[in-house]
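A.B. asks: Data: final29.txt, compact mmCIF, C-alpha atoms.
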# COMPACT_ATOMS: atom_id res chain seq x y z
CA MET A 112 -16.67 4.45 -30.43
CA LYS A 113 -15.87 7.29 -28.05
CA ALA A 114 -17.68 5.53 -25.17
CA ALA A 115 -15.82 2.28 -25.92
CA THR A 116 -12.49 4.12 -25.90
CA HIS A 117 -13.36 5.71 -22.57
CA ARG A 118 -14.26 2.33 -21.05
CA LYS A 119 -10.93 0.92 -22.24
CA ARG A 120 -9.19 3.86 -20.62
CA ILE A 121 -10.90 3.16 -17.30
CA TRP A 122 -9.99 -0.52 -17.52
CA GLY A 123 -6.42 0.39 -18.41
CA TRP A 124 -6.29 2.58 -15.32
CA PHE A 125 -7.64 -0.32 -13.24
CA PHE A 126 -4.76 -2.47 -14.48
CA PHE A 127 -2.21 -0.31 -12.68
CA ASP A 128 -3.78 -1.30 -9.37
CA TRP A 129 -3.88 -4.94 -10.53
CA ALA A 130 -0.23 -4.85 -11.64
CA SER A 131 1.22 -3.01 -8.64
CA GLN A 132 -0.74 -4.59 -5.77
CA PRO A 133 1.50 -7.70 -5.42
CA TYR A 134 4.33 -5.52 -4.09
CA ASN A 135 2.10 -4.69 -1.13
CA THR A 136 0.54 -8.14 -0.83
CA LEU A 137 3.47 -10.44 -1.43
CA ILE A 138 6.50 -8.41 -0.44
CA ILE A 139 5.53 -5.84 2.18
CA THR A 140 3.07 -7.98 4.14
CA PHE A 141 2.32 -11.65 3.58
CA ILE A 142 5.27 -13.52 2.05
CA PHE A 143 8.59 -11.70 2.03
CA ALA A 144 8.35 -9.92 5.41
CA PRO A 145 7.68 -13.18 7.34
CA TYR A 146 10.50 -14.80 5.33
CA VAL A 147 12.87 -12.05 6.50
CA LYS A 148 11.84 -12.88 10.06
CA GLU A 149 12.75 -16.53 9.39
CA LEU A 150 16.17 -15.50 8.08
CA ILE A 151 16.92 -13.17 10.99
CA GLY A 152 15.48 -15.59 13.53
CA ASP A 153 14.41 -13.10 16.18
CA GLY A 154 11.00 -11.45 15.75
CA VAL A 155 11.93 -8.28 17.63
CA GLU A 156 15.11 -7.77 15.61
CA ALA A 157 13.27 -8.47 12.34
CA GLN A 158 10.43 -6.04 13.17
CA THR A 159 12.96 -3.35 14.09
CA ALA A 160 15.01 -3.79 10.88
CA TRP A 161 11.88 -3.87 8.70
CA ALA A 162 10.59 -0.71 10.43
CA PHE A 163 13.72 1.29 9.68
CA GLY A 164 13.78 0.10 6.04
CA VAL A 165 10.20 1.25 5.47
CA ALA A 166 10.96 4.54 7.26
CA ALA A 167 13.85 5.21 4.86
CA ALA A 168 11.59 4.64 1.84
CA GLY A 169 8.99 6.97 3.35
CA LEU A 170 11.48 9.80 3.75
CA ILE A 171 12.54 9.54 0.10
CA ILE A 172 8.94 9.48 -1.13
CA ALA A 173 7.97 12.43 1.08
CA ALA A 174 10.83 14.53 -0.30
CA LEU A 175 10.07 13.81 -3.98
CA ALA A 176 6.28 13.45 -4.18
CA PRO A 177 5.10 17.10 -4.14
CA ILE A 178 7.88 18.32 -6.45
CA LEU A 179 7.21 15.66 -9.06
CA GLY A 180 3.47 16.29 -8.85
CA ALA A 181 3.93 20.01 -9.48
CA MET A 182 6.23 19.29 -12.42
CA ALA A 183 3.64 16.97 -13.93
CA ASP A 184 0.94 19.67 -13.69
CA GLN A 185 3.22 22.18 -15.38
CA THR A 186 4.68 20.01 -18.12
CA GLY A 187 2.35 17.03 -18.47
CA ASN A 188 4.40 13.97 -19.42
CA ARG A 189 2.95 11.79 -16.66
CA MET A 190 3.36 8.58 -18.65
CA GLN A 191 7.13 9.06 -18.90
CA TRP A 192 7.36 9.44 -15.13
CA ILE A 193 5.26 6.29 -14.67
CA LYS A 194 7.58 4.37 -17.00
CA GLY A 195 10.65 5.52 -15.07
CA PHE A 196 9.24 4.56 -11.70
CA SER A 197 8.05 1.25 -13.14
CA VAL A 198 11.69 0.41 -13.85
CA MET A 199 12.50 1.06 -10.18
CA TYR A 200 9.60 -1.19 -9.13
CA VAL A 201 10.83 -4.07 -11.28
CA VAL A 202 14.51 -3.72 -10.31
CA GLY A 203 13.64 -3.58 -6.61
CA ALA A 204 11.36 -6.62 -6.84
CA PHE A 205 13.83 -8.77 -8.78
CA GLY A 206 16.62 -7.89 -6.33
CA LEU A 207 14.84 -9.67 -3.48
CA TRP A 208 15.78 -13.01 -5.07
CA TRP A 209 19.18 -12.57 -3.38
CA ALA A 210 17.76 -13.01 0.16
CA ILE A 211 19.67 -16.28 0.45
CA PRO A 212 19.65 -18.38 3.64
CA GLY A 213 23.13 -18.62 5.12
CA ASP A 214 24.31 -15.69 2.99
CA PHE A 215 21.72 -13.06 3.92
CA ASN A 216 22.87 -9.47 3.39
CA LEU A 217 20.21 -7.45 5.24
CA MET A 218 21.40 -4.04 4.04
CA MET A 219 21.47 -5.06 0.38
CA ILE A 220 18.00 -6.60 0.57
CA LEU A 221 16.59 -3.54 2.34
CA LEU A 222 18.12 -1.37 -0.40
CA PHE A 223 16.35 -3.36 -3.13
CA PHE A 224 13.14 -3.26 -1.08
CA VAL A 225 13.34 0.53 -0.74
CA VAL A 226 14.02 1.02 -4.48
CA GLY A 227 10.96 -1.02 -5.41
CA MET A 228 8.71 0.62 -2.82
CA VAL A 229 9.74 4.13 -3.87
CA GLY A 230 9.07 3.26 -7.52
CA MET A 231 5.62 1.88 -6.68
CA GLU A 232 4.54 4.82 -4.52
CA LEU A 233 5.75 7.55 -6.88
CA ALA A 234 4.15 5.87 -9.91
CA THR A 235 0.91 5.71 -7.91
CA ILE A 236 0.93 9.49 -7.46
CA PHE A 237 0.76 10.00 -11.22
CA THR A 238 -1.86 7.32 -11.86
CA ASN A 239 -4.04 8.67 -9.03
CA SER A 240 -3.86 12.15 -10.54
CA MET A 241 -5.60 10.77 -13.66
CA LEU A 242 -8.71 9.79 -11.66
CA PRO A 243 -10.65 13.07 -12.25
CA ASP A 244 -10.30 12.58 -16.03
CA LEU A 245 -12.09 9.22 -15.87
CA GLY A 246 -15.56 10.44 -14.88
CA THR A 247 -17.71 13.10 -13.29
CA ARG A 248 -17.46 13.95 -9.59
CA ALA A 249 -20.44 11.67 -9.00
CA GLU A 250 -18.80 8.77 -10.87
CA ILE A 251 -15.25 8.82 -9.52
CA ALA A 252 -16.20 7.35 -6.12
CA LYS A 253 -17.45 4.17 -7.79
CA ILE A 254 -14.52 4.15 -10.22
CA SER A 255 -12.05 4.52 -7.36
CA GLY A 256 -13.72 1.76 -5.32
CA SER A 257 -13.90 -0.59 -8.29
CA GLY A 258 -10.25 0.09 -9.14
CA TRP A 259 -9.16 -0.66 -5.61
CA ALA A 260 -11.22 -3.88 -5.57
CA PHE A 261 -9.71 -4.90 -8.92
CA GLY A 262 -6.24 -4.30 -7.49
CA TYR A 263 -7.03 -6.46 -4.48
CA LEU A 264 -8.16 -9.25 -6.81
CA GLY A 265 -4.81 -9.04 -8.55
CA GLY A 266 -3.01 -9.24 -5.22
CA LEU A 267 -5.20 -12.19 -4.19
CA LEU A 268 -4.53 -14.15 -7.37
CA ALA A 269 -0.79 -13.50 -7.08
CA LEU A 270 -0.85 -14.64 -3.44
CA VAL A 271 -2.74 -17.84 -4.29
CA ILE A 272 -0.25 -18.62 -7.06
CA MET A 273 2.64 -17.97 -4.70
CA LEU A 274 1.23 -20.18 -1.94
CA ALA A 275 0.09 -22.99 -4.22
CA PHE A 276 3.18 -23.31 -6.41
CA PHE A 277 6.19 -21.51 -4.94
CA ALA A 278 6.30 -20.63 -1.22
CA GLU A 279 7.61 -23.77 0.42
CA SER A 280 7.47 -24.62 4.11
CA GLY A 281 10.87 -24.55 5.74
CA ALA A 282 10.00 -27.84 7.48
CA THR A 283 8.64 -29.89 4.56
CA GLY A 284 10.03 -28.15 1.49
CA ARG A 285 6.59 -28.28 -0.10
CA THR A 286 4.00 -25.66 -0.91
CA PHE A 287 0.57 -25.24 0.68
CA ILE A 288 -0.98 -27.83 -1.67
CA GLY A 289 1.89 -30.28 -1.23
CA LEU A 290 3.89 -29.57 -4.37
CA GLU A 291 7.61 -29.10 -4.80
CA PRO A 292 8.53 -25.68 -6.23
CA PRO A 293 8.53 -25.76 -10.08
CA PHE A 294 11.27 -24.96 -12.61
CA GLY A 295 13.83 -26.90 -10.61
CA LEU A 296 13.80 -24.36 -7.78
CA ASP A 297 15.74 -25.64 -4.77
CA ALA A 298 13.51 -25.90 -1.69
CA GLU A 299 16.49 -26.23 0.66
CA ALA A 300 17.80 -22.88 -0.57
CA ARG A 301 14.25 -21.47 -0.23
CA GLU A 302 14.27 -20.57 -3.91
CA GLY A 303 10.51 -21.07 -4.09
CA THR A 304 9.87 -18.41 -1.43
CA ARG A 305 12.61 -16.18 -2.84
CA PHE A 306 10.85 -16.33 -6.21
CA VAL A 307 8.36 -13.87 -4.71
CA GLY A 308 10.61 -11.07 -6.00
CA PRO A 309 10.86 -12.17 -9.64
CA LEU A 310 7.17 -13.19 -9.67
CA THR A 311 6.18 -9.71 -8.49
CA GLY A 312 8.40 -8.13 -11.15
CA PHE A 313 7.11 -10.35 -13.97
CA TRP A 314 3.51 -9.75 -12.85
CA PHE A 315 4.01 -5.99 -13.04
CA LEU A 316 5.64 -6.13 -16.48
CA LEU A 317 2.85 -8.29 -17.88
CA PHE A 318 -0.15 -6.41 -16.54
CA MET A 319 1.15 -2.91 -17.16
CA VAL A 320 0.81 -3.63 -20.88
CA PRO A 321 -2.96 -2.82 -20.91
CA PHE A 322 -2.25 0.33 -18.91
CA PHE A 323 0.27 1.66 -21.43
CA LEU A 324 -1.85 0.55 -24.41
CA TRP A 325 -5.18 2.00 -23.28
CA VAL A 326 -4.38 4.95 -21.01
CA ARG A 327 -3.40 8.25 -22.57
CA ASP A 328 -1.89 11.16 -20.70
CA PRO A 329 -4.46 13.99 -20.65
CA ARG A 330 -1.59 16.48 -20.81
CA PRO A 331 1.36 15.07 -22.76
CA GLY A 332 4.38 17.31 -22.99
CA ARG A 333 8.03 17.74 -22.23
CA ALA A 334 9.79 19.33 -19.31
CA ALA A 335 10.80 22.89 -20.09
CA PRO A 336 14.11 24.40 -18.94
CA GLY A 337 13.87 25.44 -15.31
CA ALA A 338 10.98 23.04 -14.64
CA VAL A 339 12.46 21.79 -11.37
CA LYS A 340 12.96 25.32 -10.03
CA ALA A 341 9.46 26.31 -11.10
CA ALA A 342 8.01 23.19 -9.47
CA LEU A 343 9.82 23.89 -6.20
CA SER A 344 8.50 27.45 -6.22
CA ARG A 345 4.99 26.26 -6.94
CA VAL A 346 5.05 23.67 -4.19
CA TRP A 347 6.30 26.25 -1.70
CA GLN A 348 3.52 28.66 -2.71
CA THR A 349 0.92 25.89 -2.36
CA VAL A 350 2.21 24.88 1.07
CA ARG A 351 2.19 28.52 2.22
CA ARG A 352 -1.40 28.81 0.97
CA LEU A 353 -2.61 25.74 2.87
CA PRO A 354 -3.71 27.69 6.00
CA GLN A 355 -6.04 29.66 3.70
CA THR A 356 -7.70 26.38 2.65
CA PRO A 357 -8.52 24.89 6.07
CA SER A 358 -10.50 21.93 4.77
CA LEU A 359 -7.69 20.75 2.49
CA PHE A 360 -5.15 21.49 5.21
CA SER A 361 -7.08 19.42 7.76
CA PHE A 362 -7.63 16.56 5.33
CA LEU A 363 -3.95 16.35 4.45
CA GLY A 364 -3.08 16.44 8.15
CA ALA A 365 -5.64 13.76 9.04
CA SER A 366 -4.63 11.48 6.18
CA MET A 367 -1.00 11.95 7.17
CA PHE A 368 -1.68 10.15 10.45
CA TYR A 369 -4.38 7.58 9.66
CA ARG A 370 -2.73 6.42 6.42
CA ASP A 371 0.58 6.16 8.25
CA ALA A 372 -1.05 3.97 10.89
CA LEU A 373 -2.77 1.81 8.23
CA ASN A 374 0.50 1.35 6.36
CA GLY A 375 2.04 0.34 9.67
CA MET A 376 -0.60 -2.39 9.99
CA TYR A 377 0.16 -3.65 6.49
CA VAL A 378 3.91 -3.49 6.94
CA PHE A 379 4.01 -5.24 10.30
CA GLY A 380 1.00 -7.58 10.02
CA GLY A 381 2.92 -10.47 8.54
CA ILE A 382 6.09 -10.06 10.54
CA TYR A 383 4.03 -9.59 13.73
CA ALA A 384 2.09 -12.81 13.14
CA ALA A 385 5.31 -14.69 12.38
CA GLY A 386 6.94 -13.51 15.61
CA VAL A 387 4.04 -13.39 18.10
CA LEU A 388 1.89 -16.28 16.84
CA GLU A 389 4.82 -18.29 15.47
CA TRP A 390 3.21 -18.55 12.03
CA SER A 391 5.06 -19.87 8.99
CA VAL A 392 5.13 -18.08 5.62
CA VAL A 393 2.29 -20.38 4.49
CA ASP A 394 0.19 -19.59 7.60
CA THR A 395 0.66 -15.88 7.01
CA GLY A 396 -0.28 -16.34 3.36
CA ILE A 397 -3.62 -17.91 4.35
CA PHE A 398 -4.20 -14.94 6.66
CA GLY A 399 -3.48 -12.74 3.64
CA ILE A 400 -6.06 -14.52 1.49
CA ILE A 401 -8.74 -13.86 4.11
CA ALA A 402 -7.75 -10.20 4.45
CA ILE A 403 -7.61 -9.62 0.70
CA LEU A 404 -10.94 -11.33 0.02
CA SER A 405 -12.51 -9.10 2.63
CA GLY A 406 -10.74 -6.06 1.18
CA THR A 407 -11.86 -6.84 -2.38
CA ILE A 408 -15.52 -7.17 -1.45
CA PHE A 409 -15.64 -4.15 0.81
CA ALA A 410 -13.56 -1.88 -1.46
CA TRP A 411 -16.16 -2.47 -4.18
CA LEU A 412 -19.09 -1.99 -1.79
CA GLY A 413 -17.32 1.00 -0.27
CA GLY A 414 -17.43 2.77 -3.63
CA PHE A 415 -21.23 2.67 -3.50
CA ALA A 416 -21.26 3.78 0.16
CA ASP A 417 -18.91 6.62 -0.78
CA ALA A 418 -21.25 7.75 -3.56
CA ARG A 419 -24.32 7.42 -1.29
CA PHE A 420 -23.11 8.89 2.01
CA GLY A 421 -20.00 10.85 1.03
CA SER A 422 -16.31 10.21 1.58
CA LYS A 423 -15.94 11.81 5.01
CA PRO A 424 -18.36 9.61 7.02
CA VAL A 425 -17.05 6.51 5.25
CA VAL A 426 -13.48 7.38 6.19
CA MET A 427 -14.45 8.10 9.81
CA VAL A 428 -16.22 4.74 10.23
CA CYS A 429 -13.18 2.98 8.78
CA ILE A 430 -10.82 4.75 11.21
CA ALA A 431 -13.03 3.67 14.13
CA VAL A 432 -12.85 0.04 12.97
CA LEU A 433 -9.09 0.17 12.47
CA THR A 434 -8.58 1.75 15.90
CA PHE A 435 -10.50 -1.13 17.43
CA VAL A 436 -8.32 -3.59 15.50
CA SER A 437 -5.06 -1.90 16.53
CA ILE A 438 -6.09 -2.12 20.19
CA SER A 439 -7.17 -5.74 19.79
CA ILE A 440 -3.90 -6.83 18.18
CA VAL A 441 -2.03 -5.97 21.38
CA PHE A 442 -4.23 -8.41 23.31
CA VAL A 443 -3.83 -11.42 21.00
CA SER A 444 -0.84 -13.70 21.54
CA ARG A 445 0.01 -17.37 21.55
CA SER A 446 -0.75 -17.59 25.29
CA SER A 447 -3.80 -15.32 25.69
CA VAL A 448 -6.67 -13.61 23.87
CA TYR A 449 -8.04 -10.41 25.42
CA GLY A 450 -6.46 -11.39 28.73
CA ILE A 451 -7.94 -14.91 28.73
CA ALA A 452 -5.19 -17.52 29.05
CA VAL A 453 -5.17 -20.28 26.43
CA GLY A 454 -3.13 -23.44 26.09
CA PRO A 455 -0.28 -23.93 23.61
CA GLU A 456 -2.49 -26.08 21.37
CA SER A 457 -5.40 -23.63 21.29
CA THR A 458 -6.48 -22.29 17.89
CA LEU A 459 -8.31 -19.32 19.45
CA PRO A 460 -5.39 -16.87 18.93
CA ASP A 461 -5.20 -17.88 15.26
CA THR A 462 -8.97 -17.52 14.79
CA ALA A 463 -8.98 -14.12 16.51
CA PHE A 464 -6.15 -12.90 14.29
CA TYR A 465 -7.93 -14.16 11.17
CA VAL A 466 -11.01 -12.13 12.17
CA LEU A 467 -8.87 -9.06 12.81
CA GLY A 468 -7.22 -9.58 9.43
CA ALA A 469 -10.62 -9.61 7.73
CA LEU A 470 -11.47 -6.31 9.46
CA ILE A 471 -8.14 -4.79 8.40
CA GLY A 472 -8.79 -5.85 4.82
CA ALA A 473 -12.35 -4.52 4.79
CA ALA A 474 -11.71 -1.16 6.45
CA GLY A 475 -8.32 -0.72 4.78
CA GLY A 476 -9.66 -1.20 1.28
CA VAL A 477 -12.57 1.17 1.80
CA ILE A 478 -10.54 3.91 3.50
CA GLN A 479 -7.91 4.01 0.77
CA SER A 480 -10.49 4.17 -2.00
CA ALA A 481 -12.60 6.81 -0.20
CA SER A 482 -9.51 8.87 0.64
CA ARG A 483 -8.52 8.93 -3.03
CA THR A 484 -12.00 10.22 -3.90
CA MET A 485 -11.87 12.74 -1.06
CA MET A 486 -8.59 14.14 -2.36
CA VAL A 487 -10.23 14.87 -5.71
CA GLN A 488 -13.03 16.72 -3.88
CA GLN A 489 -10.57 18.80 -1.87
CA ALA A 490 -8.19 19.67 -4.75
CA ARG A 491 -8.34 22.66 -7.03
CA PRO A 492 -9.40 21.80 -10.61
CA GLY A 493 -6.42 21.76 -12.97
CA HIS A 494 -3.94 21.03 -10.19
CA MET A 495 -4.57 17.32 -9.66
CA ALA A 496 -1.02 16.03 -10.00
CA GLU A 497 0.18 18.71 -7.59
CA ALA A 498 -2.67 17.84 -5.22
CA PHE A 499 -1.84 14.16 -5.34
CA GLY A 500 1.80 15.08 -4.89
CA LEU A 501 0.80 16.80 -1.65
CA TYR A 502 -1.36 13.78 -0.88
CA GLY A 503 1.70 11.62 -1.41
CA LEU A 504 3.69 13.99 0.82
CA ALA A 505 0.97 13.76 3.48
CA GLY A 506 1.04 10.00 3.21
CA LYS A 507 4.81 9.86 3.44
CA ALA A 508 5.89 12.97 5.36
CA THR A 509 5.31 11.02 8.54
CA SER A 510 5.45 7.58 6.94
CA PHE A 511 8.74 7.12 8.70
CA LEU A 512 6.95 7.92 11.98
CA ALA A 513 4.88 4.73 12.36
CA PRO A 514 7.72 2.35 11.46
CA PHE A 515 10.23 4.46 13.41
CA LEU A 516 8.01 4.53 16.52
CA VAL A 517 7.26 0.83 16.17
CA GLY A 518 10.95 0.11 15.74
CA VAL A 519 11.96 2.22 18.75
CA VAL A 520 9.18 0.95 21.04
CA THR A 521 9.85 -2.64 19.98
CA ALA A 522 13.57 -2.27 20.61
CA ILE A 523 13.08 -0.60 24.01
CA SER A 524 10.31 -2.91 25.24
CA GLY A 525 11.67 -6.10 23.73
CA SER A 526 8.05 -6.95 22.84
CA GLN A 527 6.42 -7.05 19.43
CA GLN A 528 3.00 -6.56 21.03
CA ILE A 529 3.95 -3.39 22.90
CA GLY A 530 5.89 -2.30 19.83
CA VAL A 531 2.75 -1.79 17.71
CA THR A 532 0.90 0.41 20.25
CA PRO A 533 1.91 3.72 18.54
CA LEU A 534 -0.55 2.85 15.74
CA ILE A 535 -3.47 3.44 18.13
CA GLY A 536 -2.49 7.05 18.77
CA LEU A 537 -1.92 7.77 15.07
CA PHE A 538 -5.43 6.59 14.14
CA LEU A 539 -6.98 8.73 16.88
CA ILE A 540 -5.10 11.87 15.77
CA GLY A 541 -6.35 11.33 12.22
CA LEU A 542 -9.94 10.93 13.40
CA ILE A 543 -9.79 14.16 15.42
CA LEU A 544 -8.37 16.21 12.52
CA LEU A 545 -11.17 15.08 10.20
CA ALA A 546 -13.59 17.23 12.22
CA TRP A 547 -12.37 20.32 10.31
CA VAL A 548 -12.75 18.78 6.85
CA LYS A 549 -15.65 20.00 4.66
CA PRO A 550 -17.09 17.21 2.46
CA GLU A 551 -16.96 19.35 -0.71
CA GLY A 552 -13.71 21.11 0.10
CA ASP A 553 -12.94 24.79 0.48
CA PRO A 554 -14.87 27.44 -1.50
CA ARG A 555 -13.31 27.83 -4.93
Turn the structure described in the file into structure tokens.
C.D. replies:
Amino acid sequence: MKAATHRKRIWGWFFFDWASQPYNTLIITFIFAPYVKELIGDGVEAQTAWAFGVAAAGLIIAALAPILGAMADQTGNRMQWIKGFSVMYVVGAFGLWWAIPGDFNLMMILLFFVVGMVGMELATIFTNSMLPDLGTRAEIAKISGSGWAFGYLGGLLALVIMLAFFAESGATGRTFIGLEPPFGLDAEAREGTRFVGPLTGFWFLLFMVPFFLWVRDPRPGRAAPGAVKAALSRVWQTVRRLPQTPSLFSFLGASMFYRDALNGMYVFGGIYAAGVLEWSVVDTGIFGIIAILSGTIFAWLGGFADARFGSKPVVMVCIAVLTFVSISIVFVSRSSVYGIAVGPESTLPDTAFYVLGALIGAAGGVIQSASRTMMVQQARPGHMAEAFGLYGLAGKATSFLAPFLVGVVTAISGSQQIGVTPLIGLFLIGLILLAWVKPEGDPR
């Protein structure tokens, strides 16, 4: 009975990834971002606006993540925090329904987007901190990889549903399989595509039920008076102590840059393809299916590679692949591929971008799973929520940097291709900093 309960707990934990992934898949990358480009009209302007919206969310997350993590370690009560941030996720997702053609309020939509993204990221900090309680150090690599793969499957299924039944082409008013949007949704008002927000919210509400039924907080409790002050003090002490733990310090620094660059790829992949390759929402969705299928398979396989070879070499290989992809993206456009001119009817740019998308999915899924495992190896036992709070800080302290640099370079250059070049440098900085990371962390 105990083993069965533990298996249910692991599956419940998997369901958070399944429930939350559509915000990344449908909203940040493959459906809503290209739709925003359609509404704005100009790819450069859309990429710039999207960059600054993501940067604002990153600043908020960076400020709150370590404090909330420290509070959770002191007081427990992680499930209550997850419930609160889940409300933000749902409110932010539902609010995107109001991205109405002809009456598009960019600031309001970006506000809803930021609320949902902050809710998703902060909830993830608390669910990630539960990973060490799900298995031994030898088991958590496979658990992390399987969880990430399961989340990708959820994102894939949501994307297929969106493309098949809801996301209509602006030209035909029909979905990818030739249907009109259901429930009387008005194709002329793009209500099928706009339904991406409510669908993401409903998906989260439905599939978080197993999480809340099967997962139990290992340290339930209530916040004591002065908890915020104590958490701030604890975070400050931990940050001051970081130079004394060089492996953890280097890992947080490395992940700060390579995760920022990867998030930049996810955030701008759809809007880049819509502007540079002139893809529709449906075209970008197909690209997403390829990327997610690749990510699902390799995230699962990556868990085994992580257990066999260790997290550090797996992460380094993934960074090398993603650096290659970020360089390649600059050289793929409607008129040329790696400097070779192509005609306007050529499908070579589309094929090249599909291949690059598969590589992003594969390396991106593995690196996120392996990094989660690596954080457990670097953290001090008994301080997991605080550690993942710092991990969240590392992931978001410069998370404004990639979108901000992309936004600035895009605005100055007037080119979406040149605009994404800062991602190359961020990946390389992360790879260099990993040299100081010890696979098993600092001596305890």
A.B. asks: Contacts of Glu299 in chain A at 10 Å or less, counting only C-alpha atoms, minus same-chain residues fewer than 2 places along, as number ranges by chain?
C.D. replies: A: 212, 279-284, 296-297, 301-303
A.B. asks: Taking (-20.0, 8.7, -12.2) in the file's own coordinates, collect the residues within 12 Å, counting only C-alpha atoms, and hand them back as a PyMOL selection string.
C.D. replies: chain A and resi 121+242-257+414-415+417-419+484
A.B. asks: Have a look at A:Trp129, A:Phe322, A:Phe360, A:Tyr502 and name the one nearest to Thr407 in chain A; count all atoms listed in the file.
C.D. replies: A:Trp129
A.B. asks: Out of A:Met190, A:Ile139, A:Ala473, A:Phe442, which residue has the shortest atom-to-atom distance to Trp325 in chain A when counting only C-alpha atoms?
C.D. replies: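 Of A:Met190, A:Ile139, A:Ala473, A:Phe442, the one nearest Trp325 in chain A, counting only C-alpha atoms, is A:Met190.
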A.B. asks: Do you have the CA of Leu274 in chain A-CA of Pro292 in chain A distance handy?
C.D. replies: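 Taking CA of Leu274 in chain A and CA of Pro292 in chain A, their separation equals 10.1 Å.
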A.B. asks: Kindly indicate which residue among A:Ala372, A:Leu537, A:Met231, A:Met485 lies nearest to Ile471 in chain A, using all atoms listed in the file for the distances.
C.D. replies: A:Ala372
A.B. asks: Which protein, DNA or RNA residues are at most 12 Å from (-7.0, -12.6, -8.6) in the file's coordinates when you count all atoms listed in the file, listed as a PyMOL selection string?
C.D. replies: chain A and resi 126+128-130+132-133+136+260-273+314+400+403-404+407
A.B. asks: So the first atom is CA of Leu207 in chain A and the second is CA of Phe143 in chain A; what is the distance between them in Å, to one decimal place?
C.D. replies: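 That distance, rounded to one decimal, is 8.6 Å.
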A.B. asks: What is the distance, in Å and to one decimal place, between CA of Ile220 in chain A and CA of Trp192 in chain A?
C.D. replies: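 These two atoms are separated by 24.8 Å.
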A.B. asks: Would you list the contacts of Val432 in chain A as a PyMOL selection string, taking every protein, DNA or RNA residue within 12 Å and counting only C-alpha atoms, but skipping same-chain residues closer than 5 positions in sequence?
C.D. replies: chain A and resi 369+373+425-427+437-439+467-475+477-478+535+538-539+542
A.B. asks: Give me the residues near Ser197 in chain A as a PDB file with C-alpha atoms, keeping the file's coordinate frame, where near means some atom within 12 Å (using all atoms listed in the file) and where sequence neighbours in that chain fewer than 3 positions away do not count.
C.D. replies:
ATOM      1  CA  PHE A 127      -2.210  -0.310 -12.680  1.00  0.00           C
ATOM      2  CA  ALA A 130      -0.230  -4.850 -11.640  1.00  0.00           C
ATOM      3  CA  SER A 131       1.220  -3.010  -8.640  1.00  0.00           C
ATOM      4  CA  TYR A 134       4.330  -5.520  -4.090  1.00  0.00           C
ATOM      5  CA  MET A 190       3.360   8.580 -18.650  1.00  0.00           C
ATOM      6  CA  GLN A 191       7.130   9.060 -18.900  1.00  0.00           C
ATOM      7  CA  TRP A 192       7.360   9.440 -15.130  1.00  0.00           C
ATOM      8  CA  ILE A 193       5.260   6.290 -14.670  1.00  0.00           C
ATOM      9  CA  LYS A 194       7.580   4.370 -17.000  1.00  0.00           C
ATOM     10  CA  TYR A 200       9.600  -1.190  -9.130  1.00  0.00           C
ATOM     11  CA  VAL A 201      10.830  -4.070 -11.280  1.00  0.00           C
ATOM     12  CA  VAL A 202      14.510  -3.720 -10.310  1.00  0.00           C
ATOM     13  CA  GLY A 203      13.640  -3.580  -6.610  1.00  0.00           C
ATOM     14  CA  ALA A 204      11.360  -6.620  -6.840  1.00  0.00           C
ATOM     15  CA  VAL A 226      14.020   1.020  -4.480  1.00  0.00           C
ATOM     16  CA  GLY A 227      10.960  -1.020  -5.410  1.00  0.00           C
ATOM     17  CA  MET A 228       8.710   0.620  -2.820  1.00  0.00           C
ATOM     18  CA  VAL A 229       9.740   4.130  -3.870  1.00  0.00           C
ATOM     19  CA  GLY A 230       9.070   3.260  -7.520  1.00  0.00           C
ATOM     20  CA  MET A 231       5.620   1.880  -6.680  1.00  0.00           C
ATOM     21  CA  GLU A 232       4.540   4.820  -4.520  1.00  0.00           C
ATOM     22  CA  LEU A 233       5.750   7.550  -6.880  1.00  0.00           C
ATOM     23  CA  ALA A 234       4.150   5.870  -9.910  1.00  0.00           C
ATOM     24  CA  THR A 235       0.910   5.710  -7.910  1.00  0.00           C
ATOM     25  CA  PHE A 237       0.760  10.000 -11.220  1.00  0.00           C
ATOM     26  CA  THR A 238      -1.860   7.320 -11.860  1.00  0.00           C
ATOM     27  CA  GLY A 312       8.400  -8.130 -11.150  1.00  0.00           C
ATOM     28  CA  PHE A 313       7.110 -10.350 -13.970  1.00  0.00           C
ATOM     29  CA  TRP A 314       3.510  -9.750 -12.850  1.00  0.00           C
ATOM     30  CA  PHE A 315       4.010  -5.990 -13.040  1.00  0.00           C
ATOM     31  CA  LEU A 316       5.640  -6.130 -16.480  1.00  0.00           C
ATOM     32  CA  LEU A 317       2.850  -8.290 -17.880  1.00  0.00           C
ATOM     33  CA  PHE A 318      -0.150  -6.410 -16.540  1.00  0.00           C
ATOM     34  CA  MET A 319       1.150  -2.910 -17.160  1.00  0.00           C
ATOM     35  CA  VAL A 320       0.810  -3.630 -20.880  1.00  0.00           C
ATOM     36  CA  PHE A 322      -2.250   0.330 -18.910  1.00  0.00           C
ATOM     37  CA  PHE A 323       0.270   1.660 -21.430  1.00  0.00           C
TER      38      PHE A 323
END
A.B. asks: Excluding Gly525 in chain A and its own-chain neighbours fewer than 4 positions away, which residues fall within 12 Å of it when counting all atoms listed in the file? Please give them as an MDAnalysis selection string.
C.D. replies: chainID A and resid 153:159 386:387 517:521 529:531
A.B. asks: Determine, counting all atoms listed in the file, which protein, DNA and RNA residues have an atom within 10 Å of an atom of Thr140 in chain A; residues of the same chain fewer than 4 positions away are not included. Present the result as a ChimeraX atom specification.
C.D. replies: /A:133-136,144-145,374,376-383,395-396,399
